[in-house]
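In what follows, a structure is listed as structure tokens, so that the remarks can point back to it.
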Amino acid sequence: SSDQALQASSLVGRTVSVPSDYGLLSAVAGGEINGSFDLSASSSTVNVKITDPQTGDVIRTINLGQQSAGSVPFVWDGINDAGTLVSPGVYKVQAEAVIDGVNTVVQPAIESTVESVSMNKGTNGVQLNLTGLGAFSFNTVKQIL
């Protein structure tokens with residue numbers, strides 16, 4: 001609707017959190033990938049794996065340890081497991097938690113900046129175009145930061 005488009009247009013330049021398996025590591029000094037995920041129950045072990053989307057190689061495993069049910073934030077500073085800063089670009093983000101003894105994949109929500117807004121005729125409605133991540137439906141935004 002035009003109301004939704006107007007509301008979405010106010011998000012240009014703002015940071016939002018959307019469900020995504022990818023995040024953009026910016027070339028800006030101090031660039032990082034920020035995100036979170038929701039745990040349905042407490043977990044004895046929580047890990048976030050950052051992988052190269054081209055090769056599938058694990059770049060970094062972030063051990064978040066034991067976590068309670070609810071929202072769990074994470075940050076990746078662009079440092080790999082060897083302690084070296086990697087090249088800027090888009091990386092795959094996977095969150096895994098051991099819940100009731102079972103390794104469970106959890107959908108991360110990744111933070112990104114809204115570059116522009118598109119109105120699509122048809123089922124997609126208002127789309128937010130996010131830096132490095134592409135287009136996401138306005139309705140998928142989990143949080144405006």
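Residues in the structure tokens are named by chain (A, B, ... in the order shown) and by number from 1 within that chain; ligands are numbered from 1 in the order shown.
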List every residue of stretch 77-119 of chain A that has an atom at most 10 Å from any atom of stretch 5-10 of chain A, giving for each one its closest atom pair and the distance in Å to one decimal, counting only C-alpha atoms, sorted by chain and then by ascending residue number, as a tab-separated table.
```
residue	atom	partner	partner_atom	distance
A:Val114	CA	A:Ser9	CA	9.2
A:Glu115	CA	A:Ser9	CA	9.8
A:Ser116	CA	A:Ser9	CA	7.4
A:Val117	CA	A:Ser9	CA	6.0
A:Ser118	CA	A:Ala5	CA	8.1
A:Met119	CA	A:Ala5	CA	7.0
```
Produce a file of the selected residues containing C-alpha atoms, as a PDB file, in the first residue's frame.
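Done, and the output landed in again-v8.pdb:
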```pdb
ATOM      1  CA  VAL A 114      18.495   0.343   3.813  1.00  0.00           C
ATOM      2  CA  GLU A 115      19.770   1.857   0.537  1.00  0.00           C
ATOM      3  CA  SER A 116      16.422   2.349  -1.187  1.00  0.00           C
ATOM      4  CA  VAL A 117      12.802   1.250  -1.321  1.00  0.00           C
ATOM      5  CA  SER A 118      10.989  -0.310  -4.306  1.00  0.00           C
ATOM      6  CA  MET A 119       7.272  -0.677  -4.919  1.00  0.00           C
TER       7      MET A 119
END
```
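Among the candidates A:Asn103, A:Ser2, A:Thr131, A:Thr15, the residue lying nearest to A:Ser44 is A:Asn103 (atoms considered: only C-alpha atoms).
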Top pick for closest residue to A:Gln54, considering A:Val90, A:Val126, A:Ile79, A:Leu85 and counting only C-alpha atoms: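 Closest candidate: A:Val90.
Distances from A:Val75, A:Val93, A:Leu130, A:Val16 to A:Asn34 were compared using only C-alpha atoms, and the smallest one belongs to A:Val75.
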Among chain A, which ones does DSSP assign to strand (DSSP E) (computed from the backbone)? Answer as a ChimeraX atom specification. /A:15-19,22-25,33-39,43-51,58-67,70-76,89-99,102-106,109-120,125-130,134-137,143-144
Tell me which protein, DNA and RNA residues are within 10 Å of stretch 57-73 of chain A, counting only C-alpha atoms, leaving out same-chain ones fewer than 2 positions away, and put them as a PyMOL selection string. chain A and resi 34-55+75-76+78-83+86+91-99+108-110
